[in-house]
Structures are given as structure tokens and as C-alpha cells.
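K.L.:
Quick one: this structure, given as C-alpha cells, is what I'll be asking you about.
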Amino acid sequence: RGAGAASSYPDEAYVAAGATLVDDAWGAELVVKVLPPSLDEAARLTPGARLVSLLHPAENADLVQRLKERHITAWALDA
């Protein structure tokens, strides 16, 4: 919920397009995020999940390590 608010896309627009809104998507098998997840967000991913995001891996060694420890398959949109 609220993911598009800063971009002027209200929750109602997502619902109208067929999306199901949830309060916490970090437990999903696939998470798509524009900005890199924080270390706390990465810790909330389900082990073995997949992540598509900007990651800046050369600048975020701690994040890459956290994802590796949790067996997260990550696609870095910027690498």
C-alpha cells in the first residue's frame, strides 16, 4: 500500500488495474523495487526469494552479502 503515492499513483489506480494490495510484500517469492532495499528490508525477504531492483552492488557490499546469506537471487537493474 502506498507504493506509488510519491509518484502520484494512488492505491485506487493499482486496484483498478487489477492489483491486490498488501501491507507487507517482503514475504513474496518475487519482489520488484526501484531503489535498493535497506539492510532491514533485505532481512525481511523470504530465503530463496527473487529480487529485481537497482542495487548499486559495487557500492553496497553489505547489501550484497545480506542477499547472499539469505540465498536471494537478485537482478541488479543497474549492473
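Simple scheme: letters A, B, ... for chains in C-alpha cells order, numbers from 1 for residues in each chain, numbers from 1 for ligands in the order shown.
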Which of segment 6-76 of chain A counts as strand (DSSP E or B) under DSSP, as an mmCIF file with N, CA, C and O atoms, in the first residue's frame please?
P.N.:
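Output file result.cif follows:
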```cif
data_model
loop_
_atom_site.group_PDB
_atom_site.id
_atom_site.type_symbol
_atom_site.label_atom_id
_atom_site.label_comp_id
_atom_site.auth_asym_id
_atom_site.auth_seq_id
_atom_site.Cartn_x
_atom_site.Cartn_y
_atom_site.Cartn_z
ATOM 1 N N LEU A 30 8.715 -13.095 -5.351
ATOM 2 C CA LEU A 30 9.362 -12.130 -6.244
ATOM 3 C C LEU A 30 9.041 -10.735 -5.742
ATOM 4 O O LEU A 30 7.870 -10.384 -5.573
ATOM 5 N N VAL A 31 10.074 -9.948 -5.498
ATOM 6 C CA VAL A 31 9.905 -8.562 -5.065
ATOM 7 C C VAL A 31 10.580 -7.670 -6.094
ATOM 8 O O VAL A 31 11.741 -7.895 -6.461
ATOM 9 N N VAL A 32 9.856 -6.673 -6.576
ATOM 10 C CA VAL A 32 10.392 -5.684 -7.502
ATOM 11 C C VAL A 32 10.388 -4.349 -6.782
ATOM 12 O O VAL A 32 9.356 -3.930 -6.250
ATOM 13 N N LYS A 33 11.543 -3.695 -6.755
ATOM 14 C CA LYS A 33 11.689 -2.436 -6.022
ATOM 15 C C LYS A 33 12.569 -1.516 -6.840
ATOM 16 O O LYS A 33 13.553 -1.952 -7.420
ATOM 17 N N ARG A 50 13.326 -13.979 -4.930
ATOM 18 C CA ARG A 50 13.969 -13.280 -6.039
ATOM 19 C C ARG A 50 13.690 -11.782 -5.882
ATOM 20 O O ARG A 50 12.597 -11.396 -5.499
ATOM 21 N N LEU A 51 14.711 -10.992 -6.222
ATOM 22 C CA LEU A 51 14.620 -9.540 -6.089
ATOM 23 C C LEU A 51 15.071 -8.892 -7.384
ATOM 24 O O LEU A 51 16.126 -9.239 -7.929
ATOM 25 N N VAL A 52 14.265 -7.960 -7.881
ATOM 26 C CA VAL A 52 14.619 -7.149 -9.039
ATOM 27 C C VAL A 52 14.644 -5.710 -8.546
ATOM 28 O O VAL A 52 13.630 -5.196 -8.044
ATOM 29 N N SER A 53 15.799 -5.048 -8.670
ATOM 30 C CA SER A 53 15.931 -3.707 -8.111
ATOM 31 C C SER A 53 17.209 -3.054 -8.598
ATOM 32 O O SER A 53 18.115 -3.730 -9.074
ATOM 33 N N THR A 73 18.104 -14.596 -5.018
ATOM 34 C CA THR A 73 18.523 -14.380 -6.399
ATOM 35 C C THR A 73 18.162 -12.933 -6.731
ATOM 36 O O THR A 73 16.982 -12.564 -6.674
ATOM 37 N N ALA A 74 19.155 -12.136 -7.048
ATOM 38 C CA ALA A 74 18.911 -10.713 -7.278
ATOM 39 C C ALA A 74 19.343 -10.309 -8.680
ATOM 40 O O ALA A 74 20.430 -10.691 -9.134
ATOM 41 N N TRP A 75 18.503 -9.551 -9.336
ATOM 42 C CA TRP A 75 18.835 -8.962 -10.621
ATOM 43 C C TRP A 75 19.013 -7.468 -10.394
ATOM 44 O O TRP A 75 18.068 -6.770 -10.050
ATOM 45 N N ALA A 76 20.230 -7.001 -10.583
ATOM 46 C CA ALA A 76 20.548 -5.588 -10.388
ATOM 47 C C ALA A 76 20.260 -4.852 -11.702
ATOM 48 O O ALA A 76 20.953 -5.076 -12.697
#
```
K.L.:
Tell me which protein, DNA and RNA residues are within 12 Å of Gly4 of chain A, counting only C-alpha atoms, leaving out same-chain ones fewer than 3 positions away, and put them as JSON, numbers by chain.
P.N.:
{"A": [1, 7, 8, 9, 10, 11, 12, 13, 14, 15, 21, 33, 34]}
K.L.:
If we count only C-alpha atoms, what is near Ile72 of chain A at a cut-off of 12 Å, once residues fewer than 5 positions away on the same chain are taken out, given as an MDAnalysis selection string?
P.N.:
chainID A and resid 26:31 42:52 63:67
K.L.:
Those same residues - N, CA, C and O atoms - I'd like them written as an mmCIF file, in the first residue's frame.
P.N.:
```cif
data_model
loop_
_atom_site.group_PDB
_atom_site.id
_atom_site.type_symbol
_atom_site.label_atom_id
_atom_site.label_comp_id
_atom_site.auth_asym_id
_atom_site.auth_seq_id
_atom_site.Cartn_x
_atom_site.Cartn_y
_atom_site.Cartn_z
ATOM 1 N N TRP A 26 7.272 -8.148 1.517
ATOM 2 C CA TRP A 26 8.615 -8.720 1.622
ATOM 3 C C TRP A 26 8.610 -10.235 1.685
ATOM 4 O O TRP A 26 9.615 -10.867 1.418
ATOM 5 N N GLY A 27 7.509 -10.860 1.990
ATOM 6 C CA GLY A 27 7.437 -12.312 2.041
ATOM 7 C C GLY A 27 7.096 -12.955 0.714
ATOM 8 O O GLY A 27 6.984 -14.171 0.627
ATOM 9 N N ALA A 28 6.970 -12.159 -0.340
ATOM 10 C CA ALA A 28 6.623 -12.693 -1.657
ATOM 11 C C ALA A 28 7.798 -13.448 -2.271
ATOM 12 O O ALA A 28 8.951 -13.242 -1.910
ATOM 13 N N GLU A 29 7.497 -14.330 -3.221
ATOM 14 C CA GLU A 29 8.550 -15.069 -3.933
ATOM 15 C C GLU A 29 9.349 -14.154 -4.851
ATOM 16 O O GLU A 29 10.509 -14.423 -5.125
ATOM 17 N N LEU A 30 8.715 -13.095 -5.351
ATOM 18 C CA LEU A 30 9.362 -12.130 -6.244
ATOM 19 C C LEU A 30 9.041 -10.735 -5.742
ATOM 20 O O LEU A 30 7.870 -10.384 -5.573
ATOM 21 N N VAL A 31 10.074 -9.948 -5.498
ATOM 22 C CA VAL A 31 9.905 -8.562 -5.065
ATOM 23 C C VAL A 31 10.580 -7.670 -6.094
ATOM 24 O O VAL A 31 11.741 -7.895 -6.461
ATOM 25 N N ALA A 42 16.102 -6.166 3.278
ATOM 26 C CA ALA A 42 16.701 -7.386 2.738
ATOM 27 C C ALA A 42 16.560 -8.540 3.725
ATOM 28 O O ALA A 42 16.350 -9.689 3.327
ATOM 29 N N ALA A 43 16.630 -8.246 5.005
ATOM 30 C CA ALA A 43 16.491 -9.279 6.034
ATOM 31 C C ALA A 43 15.065 -9.814 6.099
ATOM 32 O O ALA A 43 14.845 -10.921 6.589
ATOM 33 N N ARG A 44 14.105 -9.055 5.591
ATOM 34 C CA ARG A 44 12.699 -9.478 5.616
ATOM 35 C C ARG A 44 12.321 -10.330 4.415
ATOM 36 O O ARG A 44 11.246 -10.931 4.393
ATOM 37 N N LEU A 45 13.201 -10.390 3.407
ATOM 38 C CA LEU A 45 12.924 -11.231 2.243
ATOM 39 C C LEU A 45 12.931 -12.701 2.661
ATOM 40 O O LEU A 45 13.756 -13.131 3.481
ATOM 41 N N THR A 46 12.046 -13.467 2.068
ATOM 42 C CA THR A 46 11.995 -14.894 2.334
ATOM 43 C C THR A 46 13.238 -15.559 1.750
ATOM 44 O O THR A 46 13.591 -15.293 0.597
ATOM 45 N N PRO A 47 13.935 -16.393 2.523
ATOM 46 C CA PRO A 47 15.099 -17.088 1.964
ATOM 47 C C PRO A 47 14.728 -17.798 0.663
ATOM 48 O O PRO A 47 13.681 -18.445 0.572
ATOM 49 N N GLY A 48 15.551 -17.598 -0.354
ATOM 50 C CA GLY A 48 15.306 -18.192 -1.662
ATOM 51 C C GLY A 48 14.453 -17.342 -2.583
ATOM 52 O O GLY A 48 14.204 -17.731 -3.729
ATOM 53 N N ALA A 49 14.001 -16.188 -2.118
ATOM 54 C CA ALA A 49 13.172 -15.310 -2.954
ATOM 55 C C ALA A 49 14.000 -14.696 -4.069
ATOM 56 O O ALA A 49 15.225 -14.863 -4.136
ATOM 57 N N ARG A 50 13.326 -13.979 -4.930
ATOM 58 C CA ARG A 50 13.969 -13.280 -6.039
ATOM 59 C C ARG A 50 13.690 -11.782 -5.882
ATOM 60 O O ARG A 50 12.597 -11.396 -5.499
ATOM 61 N N LEU A 51 14.711 -10.992 -6.222
ATOM 62 C CA LEU A 51 14.620 -9.540 -6.089
ATOM 63 C C LEU A 51 15.071 -8.892 -7.384
ATOM 64 O O LEU A 51 16.126 -9.239 -7.929
ATOM 65 N N VAL A 52 14.265 -7.960 -7.881
ATOM 66 C CA VAL A 52 14.619 -7.149 -9.039
ATOM 67 C C VAL A 52 14.644 -5.710 -8.546
ATOM 68 O O VAL A 52 13.630 -5.196 -8.044
ATOM 69 N N LEU A 63 24.874 -4.988 1.506
ATOM 70 C CA LEU A 63 23.600 -5.445 0.962
ATOM 71 C C LEU A 63 23.796 -6.730 0.158
ATOM 72 O O LEU A 63 23.042 -7.692 0.312
ATOM 73 N N VAL A 64 24.792 -6.748 -0.692
ATOM 74 C CA VAL A 64 25.062 -7.940 -1.500
ATOM 75 C C VAL A 64 25.322 -9.143 -0.585
ATOM 76 O O VAL A 64 24.813 -10.237 -0.822
ATOM 77 N N GLN A 65 26.086 -8.939 0.467
ATOM 78 C CA GLN A 65 26.370 -10.014 1.414
ATOM 79 C C GLN A 65 25.091 -10.493 2.102
ATOM 80 O O GLN A 65 24.875 -11.690 2.251
ATOM 81 N N ARG A 66 24.236 -9.568 2.519
ATOM 82 C CA ARG A 66 22.971 -9.937 3.172
ATOM 83 C C ARG A 66 22.114 -10.768 2.223
ATOM 84 O O ARG A 66 21.531 -11.777 2.621
ATOM 85 N N LEU A 67 22.039 -10.353 0.957
ATOM 86 C CA LEU A 67 21.252 -11.107 -0.016
ATOM 87 C C LEU A 67 21.843 -12.499 -0.226
ATOM 88 O O LEU A 67 21.115 -13.493 -0.299
#
```
K.L.:
In Å, rounded to a single decimal, give me how far atom CA of Glu59 of chain A is from atom CA of Ala6 of chain A.
P.N.:
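Value for the atom CA of Ala6 of chain A-atom CA of Glu59 of chain A distance: 25.4 Å.
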K.L.:
If DSSP is run on the backbone, what residues of chain A are alpha helix (DSSP H)? A reply as a ChimeraX atom specification would be ideal.
P.N.:
/A:11-16,39-44,61-69
K.L.:
Given the choices A:Ala25, A:Pro36, A:Ala17, A:Ala3, which gets closest to His56 of chain A if the distance is worked out from only C-alpha atoms?
P.N.:
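Smallest separation from His56 of chain A among the options: A:Pro36.
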K.L.:
Using atom CA of Arg70 of chain A and atom CA of Leu39 of chain A as the two end points, give the distance in Å to one decimal.
P.N.:
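We find that atom CA of Arg70 of chain A and atom CA of Leu39 of chain A lie 11.6 Å from each other.
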K.L.:
If you measure from atom CA of Ala58 of chain A to atom CA of Asp78 of chain A, what distance in Å do you get, rounded to one decimal?
P.N.:
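Atom-to-atom, atom CA of Ala58 of chain A to atom CA of Asp78 of chain A, that is 10.4 Å.
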